[in-house]
Structure formats: structure tokens, C-alpha cells
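Remarks on the structure that follows.
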Amino acid sequence: PNLNPFTHYRFRMRQVNIVGTSLPSQLSRKIQTLQAPPDMAPANVTLRTASETSLWLRWVPLPESEYNGNQESVGYKINYGKSEGNGSTLTHIIHDRIERDFTIEDLEEWTEYRVQVQAFNAIGSGPWSPQVNGRTRESVPSSGPTNVSSLALNSNSILVKWNEVPKQNRNGLVLGYKVLYKEKDLETPTKFRSIEGNTTHAVQLVDLGKYVLYKIQVLAFTRIGDGMPSFPPILERTLDDVPGPPVGILFPEVRTKSVRLVWQPPAEPNGIILAYQVTYRLNTSSTNAATVDVLNPSARQYTATGLEPECSYVFRITAQTRKGWGEAAEALVVTTEKRAHPQPPSKPAIRQRDVQPRSVLLSWDPGSDGLSPVRYYTIQSLELPNGNWSLHSASVSHESVTYLVDRLKPFTSYKFRVKATNDIGDSEYSEDSDSVTTLQAAPDEAPEILSVTPHTTTSVMIRWQPPAEEKINGILLGFRIRYRELLYDSYRSFTLRSVSNPSAKWSELTPVYHVRNLSDSTLAQYELDKLNKHRRYEIRMSVYNAVGEGPTSPPQEVFVGEAVPTAPAQNVQVQGSTATQLDVSWEPPPPEAQNGDMQGYKIYYWEFQRQNETEKLKTLFLPETSMKLKNLTGYTTYLISVSAFNAAGDGPRSTPIRSRTQQAAPSAPSYIQFSELTTTSVNVSWGAPKYPNGIIEGYQLVYEPCMPVDGVSKIVTVDVKGNSPLWMKIKDLSDGVTYAYRIKAKTFTYGPEIEANITTGPGEGSPGPPGEPLIYRYGSVITIHWSSGDSGKAPISRYVIEARPSDEGLWDILIKDVPKEVTSYTFSMDILKQGVSYDFRVIAVNDYGYGTPSSPSPSVSAQNATPFYEEWWFLVVIALVGLIFILLLVFVLIIRGQSKKYTKKTDSGNNTKAGTLAHEEILSLDNGRFPALELNNRRLSVKNSFCRKNGIYNRSPPRPSPGSLHYSDEDISTKYNDLIPAESSSLTEKPSEISDSQGSDSDCEVDQNRPKTHSFVNHYISDPTYYNSWRRQQKGISRIQAYSYTESESGDLAHSHKPAMNSTNNIHVPQQGSLLRAKRSLTPTPQQPSNSGSQPGTLYRPASSLAPGSRTPVAGFSSFV
């Protein structure tokens, strides 16, 4: 006994005897009690007025321990009906176990209801809560008074009577009635007569139009406003009277002896017109001399004849009803044919004292009437700044020089103008009046109250929208709030008071309003404080300007004492505990912001950037301040916000906190598709999971035949990385076999898989096989020819060329898009693997898919044909031929060098003669590439300033004479035969004067005892034919710089040398010498004479043999000009 229903228990036993109690037994298995109906009713049931036709019911839901059954089956049942007992009882069922309020709709206005609530589960219902009563809000009557009647008392008054509004349609306390009336079929504003109190049911309407048909209705009003008028409206006509004057009198034809008069019926006929009477006379004669004619009621014109020319006549016309002749209309006319349009009136004048909020008094002076009396004036008005001229009145009396322009807007600027009209026509408009601004008036509209909500337990927050600017009628100065307590919650005593004092007016039956003035015209909300707790208040608003206050708004009701929390839950924290759960915790709002007893919290949560689609709500009741949000999506960012609520409603939400669930296994890939299906391959593609639940690290693709192939069922597993494309080409398939493909995604673990089957081979309607391909090879390209096959059920759209290695490799697509019009294709062998033989086949494609492939082509090697000049043997042959040629060339050069030995052909005298050159005789070596040496007999000298000790040359080095150069054919032939061919002598020098320098460029050691050798230079000089050939140099061959000198490290000259001079003729005798050029040098190296004089046949030493401190010639620095 005393166990809770639907609760798990474990039991254990103890044995007891007179000695004591034994140890407990082992725990029993877990046992759950059966379900039972709830044991308690919902607590704290309250009922508040929501609107004129609804009530707001609230309760505290059952705690989970009181469900007594499966929580998913727990709900609430609401019973409600009229307190008076008449009418049926209605029931509403709520299946949400945590629901705590409900708005009962479609109730009658101003009616009290009783309500009860009970909880239920799958087993049954619990007890009912205590009965609570509530009354709907007061409203306007939903129908008008009954039995409305009317009676015309005279020509300008009607008596109207009615009965009360039916009780069920009053919808509140009737505070009075309004009688609405207007002329039938005219677009005039409806007028009304107000009767305060609920005791008077008749009223006399006065100041009505004579013989006018009126439409009359009656309505009742309550504190909320006007109810529906009575229907249908009744029609009543006032009694007839004498008519008003006819209107629109004109004289369209005026002669010297006759005129024609036209008119319109009276604007106020006041009855049925029975006749018209026309009277006319000279303006100077008495009324007794007038001519009178009576016309029938349909007459609209009259012609008077026998008049005197150029005279003024007075015409009078009157109308008759059964009550008699009415007021006459009088007009003047001049019997002349010189009439003209009238002149415009003067500029209208407006005095400031004649300016009112809605009217302005104009005054003007008439212009010339053009010998035709003015019949009427027309007035137009212009609203500034953006209005247009509009007609205000077109029937101002011709006798008027002032007019009250009404129906204007307050606090608005206007201009006015006037024109006159006579029988001939209209004048021009007068000059515009000065602009004038009407005065301010009280506002025409009240502000619209948007909401009135409890803010604290003693204050409410009011939000409103001010009226339109044109309805304020001036400058808005502020707002007024009127509020008072309502006593109709205890309506029975209120009714007794009204019955005991039936003569009291409605304003005496309710408390007086309290007023608060708000002088800030920019306000749009205000907190109305210092109210009494647990009271219902009525609130109205109005605006005011400098003139006065406008009408009040319809009343708004609010219950004070229960206010929603003004602060959200504090210190909200969220932590992701699992892949599908977030733990949320918080603290209550500050005590000063709770505004009553806290009932619980609402937790709002949604996925990041998807609030509209994914927002959800969890409601939690005290005293818990934490909740576990479950069944969430893995590895997803959520935003969580918490609000507190009490009996008055929900407080504000906290700032959303962002948190993310942990990773979980992903969902299955969104799809799997197959494309490019052939007999042996298929392209498999898939979509990413709809819910990745983490970072996708990869996919696993598994495929296998549904039935064993040749007795073998091979299962292939492929792992795909997460950043790889979501497709794969499967090639090792068998024709006509159905394969099963399974794909699953992976985060930190694999999720569920998606599976699909596909059968290899051409489908129904696909093309047939093309003809067997023919392969042609041209160098490094291959051309495939084939013939078209059956196109299938659709035209062929393209061809596909497949290839495979001949050693039983797998077929793979080589060329994917071959135009359907061609039956051959050429491609480069660069796309194939070199040295491998390939088979080719062709597949046709149409809208049904890939067709049957053609038969394989003969094998073709992908080895490129190398040209013979790139073969290794050809290169070896070329190398051997080159080596043999080089050896032959060296051998020829050696033999030729040994055979070129020249002997001396002349004696010493001849040598001396040959060694001395005549003045201006020049020796030139004809060479196309090297500078030539020009020899002359001018005296040469060496300046002592040729070089400085610091090694910096101020000028070009001295040019040695040919006699100072010793040429040894032996040295050249033996040492430099491979560099300078014997027949290419390019040694030429111009003669130059030698300065008086006592030093030379370099120090040379000359062996005086060296035997004289034959010089091929002397040989050429002694032979006139060769001499002349030297003189002839090739034209157009520029002389390059011979050589340059560089100074040695020492920079000082070791010795000074003087040139040898011939004592006989004081002519410098050049010495014979030898020529030695450094390797790659293109110029000869000069030899300077020694101190002891040079001897013929001395040899010049190379730069490497010069003494320290000597200057070495450098190629590129020329000493020859």
C-alpha cells in the first residue's frame, strides 16, 4: 500500500523473531507499479478578462511525480459555462502536459462564466479544480433599440421614440442613446442628438429642413463606445411650408423692347410647387404699375415685350405651394444691346479679426457690370503650399460684397479669389488675396493606444501612436492620460446602485478619472505608476494643443497587481555534454524585477542562423534552474535564451548564448547516383550527408555482385578521403552482372550507409555496337576508324573511345566526347603510356545510355618512332668521323710546319740596305682581321713622361719601329703554329715619333751572343713584291686595338734605356727582333732597346719572362693609332 502509481521499485526482505532482525535479503528485480488517474487537480487556477469575447485561464501544471502514468498521455480538460446556468457547458481538451494557460474564445460580451480544470492520463481523469468565475469585458451594444418610430410635428421638427436594447445585446451598461438623422439621398454629413441615461427613450429633433425627407436611426452607447444603430432606418418628412425664392435668374436675351427671363426652382421648395408668378416694372415706377403674370409650375422661362429702350426694369419671381406664395427673387435688367462681360471684383480683403479656425470673412468691391447687372459671385480657395484652386461657392448673392468662407481646416494657410457673373458671362478672377492662416482648433482625433501591459505590481506600461498631423489642428503640446478603477468586477452591487437611483446620470455611476499631463510631445510610451494592487483600471488618452484638448480614445482595460518579470534569467551557461544534448543552467531574475511569485522558466533554443525554421521551446517549473536539452543534432551550433514567467506572463528573454553539441556519427549520404555505365565500368557519385554531425573525414565505398560471378563473390572496399571528389570510377566489373553499392560517411566513427544496385551493360533502347575499329598509326599520332551501328531507340548523341593495355588490363575511357557526325578520330600517343601496347574499342551513346561496345581493335604499340639522327649508333659514327678529321688536320699542320724553312737570300750589305727604309716608305701586312704594321724612317724618340712611377699612363705607349721587332720564323712555326697561320700575318704598325724620355716601358734582357737567325719579316721586306702586298690592305676592314699595357705590381722602372742611334745619318736604325704573342692575343708584343744597344737577331722574351717591375701588355689597350 501507499505506493506511487507508475513508479519503479525494488524490494528486500528481513526476518524478525524475538531475538531480533536478520540482515536484509538481496534486492529484487525492478518492479513498476501500474498507471492510475491523477490524484490532484491543477493548482492556482485563475480567470482574467482577456477581451470582450474571451477569458484568460491559468493554472500550475501537475508535477511529474503526480502524473501517475506515461507522461506523454497527460493533459488537461477545461469545462466552462455561464454562471447563471442557462446555456450548455462546453469542454476543451489540451494534450500538452506542461501547458499552463488557455484563452477561452467566442464568449458573449459582458457575461460572467464559471470555469473548472482537471488533469487526465491514459487511465482516466483526476479531480476537478475549484470553480472560478470571470466576466468578459464590456463592449458596445451589438444591436440598436427596438420599436423606433417618428412623427413630424411641423415643418422643422420630428418626434422620435424607441424601446431599450435587448438585454443579451447590451454587452455592458447602457449609458445613453444617440439619434442619427440626415436628408435622404444627399451626401451630407450625418447629424446626431445625444440623450444621456437609460431612462429617456424619446427626443424631438428641431431645426430641420422644411418638407425634407429624413432617414432616422437610434443607437445605444456604453462606456466603451457606440453600439450598432437600429435597422432598418425609418423615413420621415417634415411638413410643407411656403417655398423659398427661385434661384439661377438670368436674362439670356435682352433687346431694346423685350427681354427673356430664365430661372430654376427654389433651393428650398418646402412643398410641392403649384405655380410661379412673374412681376416686372420700370425701376423708377411704383409697385402699383407692375405687370403680373402667373405661370404653371413647369415653366422655367418668361419673355416680356413692349418695354422701353434703354430703361432699367425690376423683375420679381415667386413660387407657390399649398401653404401660399413664398419669398420673391428680384433682378434688374437694362433694355440695351450694348452689354458686356463684367469687370473682375477687387482683390479680396481679410481682416485678422475675421479669421477663425474653420472660416474666413472675405470682402471685396464690385467691378463694372458691363451694362448687365451681376447675377452672382463665385469664390475659389487655394490651400497652401501645394494645393490647387478649388470651387468653394458658386451662388453668392449679387448684392453681397462680403462672404463667410467656411469648411476650412484649422491652422492652415489659404488664398482666395472672386469672379462676377452677369447675363453675358463671367469676369476674370480677381487678384489673389493675401495668404492667411486659420487659427488653431482643438484636435479632431485621439491617439491610438497600442498596448497597456502590467509593468510592475503597481504600474502599467502604455504605448501609443499620436494622431495624424493634420488632425492635431495646431501645434501638439502634449498628451493627457485619464485612468480610474473599474468596479464592475462586483457588478451585482453596482447594478443595485443603478436600480435604486434610476435618475442618476451615467457620469455619476462611475468613479472620477485621474489625469496625468505629459508635456513632452515626442513621447510614445509612458509608465503609469502608483496604482493599487489587484485592481482593474480603465485608461483613456487624448492630445492637446494651445486651444484645447481633443477627444479621448476608446478605453483600454488592464489588471494591476500581476506583472511579468522585468528582467531575464541571470548568468545563463550552456555546456555541450554529448552529441545530442546540451546542459543549460541559470539563476533567477533579481528579486526587485520578479514582480510576484515566480512560476517557472521558458528555454528557447534554435540552430544558428535558422531561428525561424528550428526554434523550439521547453517549459520548466520551479524550483529547477537547469535543464538538459536532448535529441539535438550532433556537431551543431545552437543559440539558447531563457525567460522567467509568473502568473502575469512571460518576462524578457536573456541574451542568446551560443554552444555546440559534440561530434556524432553522420547521417547517411544524401543520395547515390550512377553514370557512364558500360559493360565493365560505371561512375559512382554520392551526396554529402544531410546531417554531417561533425567534420567529415572520409567515406567508405563497398561494392559486390549480388550473385557470385563464376562461383566467386568478390567484395571490394574503397576508402575515400574527406577532401576528395564525391565520385569514383569503378572499372573491374563483369558484363551483365548486378552489383550492390554501399556508401557511408565518417566523422570520428562511421554513420549509416546508403545502398543502391546497378546492372552493368547496355540498357534497353541504348545503341548497338559500332563496327570493329581500324587503327592507323602516323608517327606519334593514332587514327581510329569505325562504322556506325544500330542507334537504338534514340539518335546517337556522341561516341566514346575506350582503351586497355593488351596484357589483359582494364578498359577505361580514353576519349569521352566524340561528335556523333564523325566515324574516325585522331589523337596523340602522348596520352598513352610509352612502350605499352593497347587495344581500343568504340561505344555509341544516346539518351538511353551507353550502348554495346564494338569488338576490340588489334593491338597497337604506343612507342614513338625515333628519327635516325637521334639513335645512339648515329651519334657514335659522327663522333668517330670527327676524331679522324681532327687527327688528319693535326698531321697536315705538323708536316707543313717542318717544310717551311726559309734561307737567307741576300748578303749583309743587302741586309743593311734592306734593313734601312727610305723616308715615308711603309711596310704593311695585308690582313683582314688584325691591325697592320706600317714602318717608316721617321726619327723615333721616347718621352720620359710616357709613364709615371705610380703606374698611371697619361698617354698611349710609344709605338716600336719595325726594326725593334725581331721575328723568328722558327719560334712562330714551332710554338704558335696552331694559333697564327703563316699566311695570315696581321702585324702592321704606323710609325710614330719617340719622345725624349730616358726610360722605356719595360726591361728586356737581350742575348748579344745569340746567333743570327733568318727573319721572315726581313725576307718579305727584301722582296719588293711582298713589300707591295703589305701596302695593300683590305678595304672596309677596321683595325681593332692592338693591345694595351698594364703596370706590374712594383710600379717602378728597374732600369732606364736609351735608344741606339746611327751616327752617320742620325736616323734611328730599327733592330731585328722576334715576335711573341701571348695566347689569344691578337697584337704583337713590342721589344724596347736595351742600354747597350740592340743587335740584329735578338729575340724578344714573353711577358712571363720579364723582370720584376716591368709592365706587361694587356690585350685590348692599344698602343697603335
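Ordered as shown in the C-alpha cells, chains take letters A, B, and onward, while each chain numbers its residues from 1 and ligands are numbered from 1 in the order shown.
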Checklist entry - Leaving out Val836 in chain A and any residue of its chain fewer than 3 positions from it, which residues lie within 10 Å of it when counting only C-alpha atoms, given as a PyMOL selection string? => result chain A and resi 804-807+832-833+859-863
Next on the checklist: Set the distance at 8 Å and use only C-alpha atoms: which residues neighbour Arg170 in chain A once local chain neighbours fewer than 5 positions away are removed? I'd like the list as number ranges by chain.
Outcome noted: A: 140-143, 165
Write the residues of the preceding selection, restricted to N, CA and C atoms, as a PDB file, in the first residue's frame.
ATOM      1  N   VAL A 140     -19.536  47.317 -26.810  1.00  0.00           N
ATOM      2  CA  VAL A 140     -20.618  48.162 -27.317  1.00  0.00           C
ATOM      3  C   VAL A 140     -21.826  47.280 -27.599  1.00  0.00           C
ATOM      4  N   PRO A 141     -23.016  47.846 -27.560  1.00  0.00           N
ATOM      5  CA  PRO A 141     -24.212  47.038 -27.864  1.00  0.00           C
ATOM      6  C   PRO A 141     -24.120  46.456 -29.280  1.00  0.00           C
ATOM      7  N   SER A 142     -24.524  45.239 -29.397  1.00  0.00           N
ATOM      8  CA  SER A 142     -24.442  44.560 -30.685  1.00  0.00           C
ATOM      9  C   SER A 142     -25.680  44.766 -31.536  1.00  0.00           C
ATOM     10  N   SER A 143     -26.700  45.483 -31.026  1.00  0.00           N
ATOM     11  CA  SER A 143     -27.872  45.825 -31.827  1.00  0.00           C
ATOM     12  C   SER A 143     -28.425  47.142 -31.302  1.00  0.00           C
ATOM     13  N   VAL A 165     -32.558  48.418 -25.732  1.00  0.00           N
ATOM     14  CA  VAL A 165     -31.818  47.373 -26.443  1.00  0.00           C
ATOM     15  C   VAL A 165     -32.061  46.050 -25.723  1.00  0.00           C
TER      16      VAL A 165
END
Checklist entry - DSSP says helix (DSSP H, G or I) for which residues of range 390-553 of chain A? Put them as a ChimeraX atom specification? => result /A:469-471,488-500,506-508
Can you write just those residues out, C-alpha atoms, as a compact mmCIF listing (two decimals), in the first residue's frame?
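The result, stored in again20.txt:
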# COMPACT_ATOMS: atom_id res chain seq x y z
CA GLU A 469 -0.55 65.85 -38.06
CA GLU A 470 -3.45 67.32 -39.99
CA LYS A 471 -5.83 66.12 -37.23
CA TYR A 488 -17.80 46.09 -12.34
CA ASP A 489 -15.95 43.05 -11.03
CA SER A 490 -18.51 43.35 -8.24
CA TYR A 491 -21.19 44.11 -10.76
CA ARG A 492 -24.10 42.90 -8.58
CA SER A 493 -23.72 45.72 -6.08
CA PHE A 494 -23.15 48.08 -8.98
CA THR A 495 -26.42 47.00 -10.53
CA LEU A 496 -28.23 47.52 -7.24
CA ARG A 497 -26.96 51.08 -7.09
CA SER A 498 -28.14 51.85 -10.58
CA VAL A 499 -31.57 50.39 -9.90
CA SER A 500 -32.00 52.26 -6.61
CA TRP A 506 -24.01 57.78 -16.26
CA SER A 507 -21.15 60.06 -15.21
CA GLU A 508 -22.31 59.74 -11.60
Next on the checklist: From the options A:Tyr544, A:Phe231, A:Trp325, A:Tyr825, which residue's atoms come nearest to Thr783 in chain A, counting only C-alpha atoms?
Outcome noted: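 Among the listed residues, the smallest separation from Thr783 in chain A belongs to A:Tyr825.
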Item to check | Within 8 Å of Glu448 in chain A using only C-alpha atoms, minus same-chain residues under 3 positions, as a VMD selection string | outcome: chain A and resid 464 to 467 553
Item to check | Residue neighbourhood Asn388 in chain A, 12 Å, only C-alpha atoms, exclusion window fewer than 6 positions, as an NGL selection string | outcome: :A and (380-382 or 414-416)
Item to check | Option closest in space to Asn86 in chain A, from A:Asn156, A:Asn846, A:Thr111, A:Ser899 [counting only C-alpha atoms] | outcome: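 That would be A:Thr111, the residue with the smallest distance to Asn86 in chain A.
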Next on the checklist: Residues within 8 Å of range 848-856 of chain A, please, as a PyMOL selection string. Count only C-alpha atoms; anything in the same chain fewer than 5 positions from it doesn't count.
Outcome noted: chain A and resi 676-679+761-773+793-794+839-843
Checklist entry - Just asking: which residues within range 358-565 of chain A are strand (DSSP E) according to DSSP, as an NGL selection string? => result :A and (360-363 or 376-383 or 389-397 or 402-405 or 413-421 or 436-437 or 448-456 or 459-465 or 478-485 or 514-518 or 525-528 or 535-544 or 556-560)
Checklist entry - Which one is closest to Asn154 in chain A: A:Gly69, A:Pro795, A:Gly209, A:Pro555? Count only C-alpha atoms. => result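 Result for the nearest residue to Asn154 in chain A: A:Gly209.
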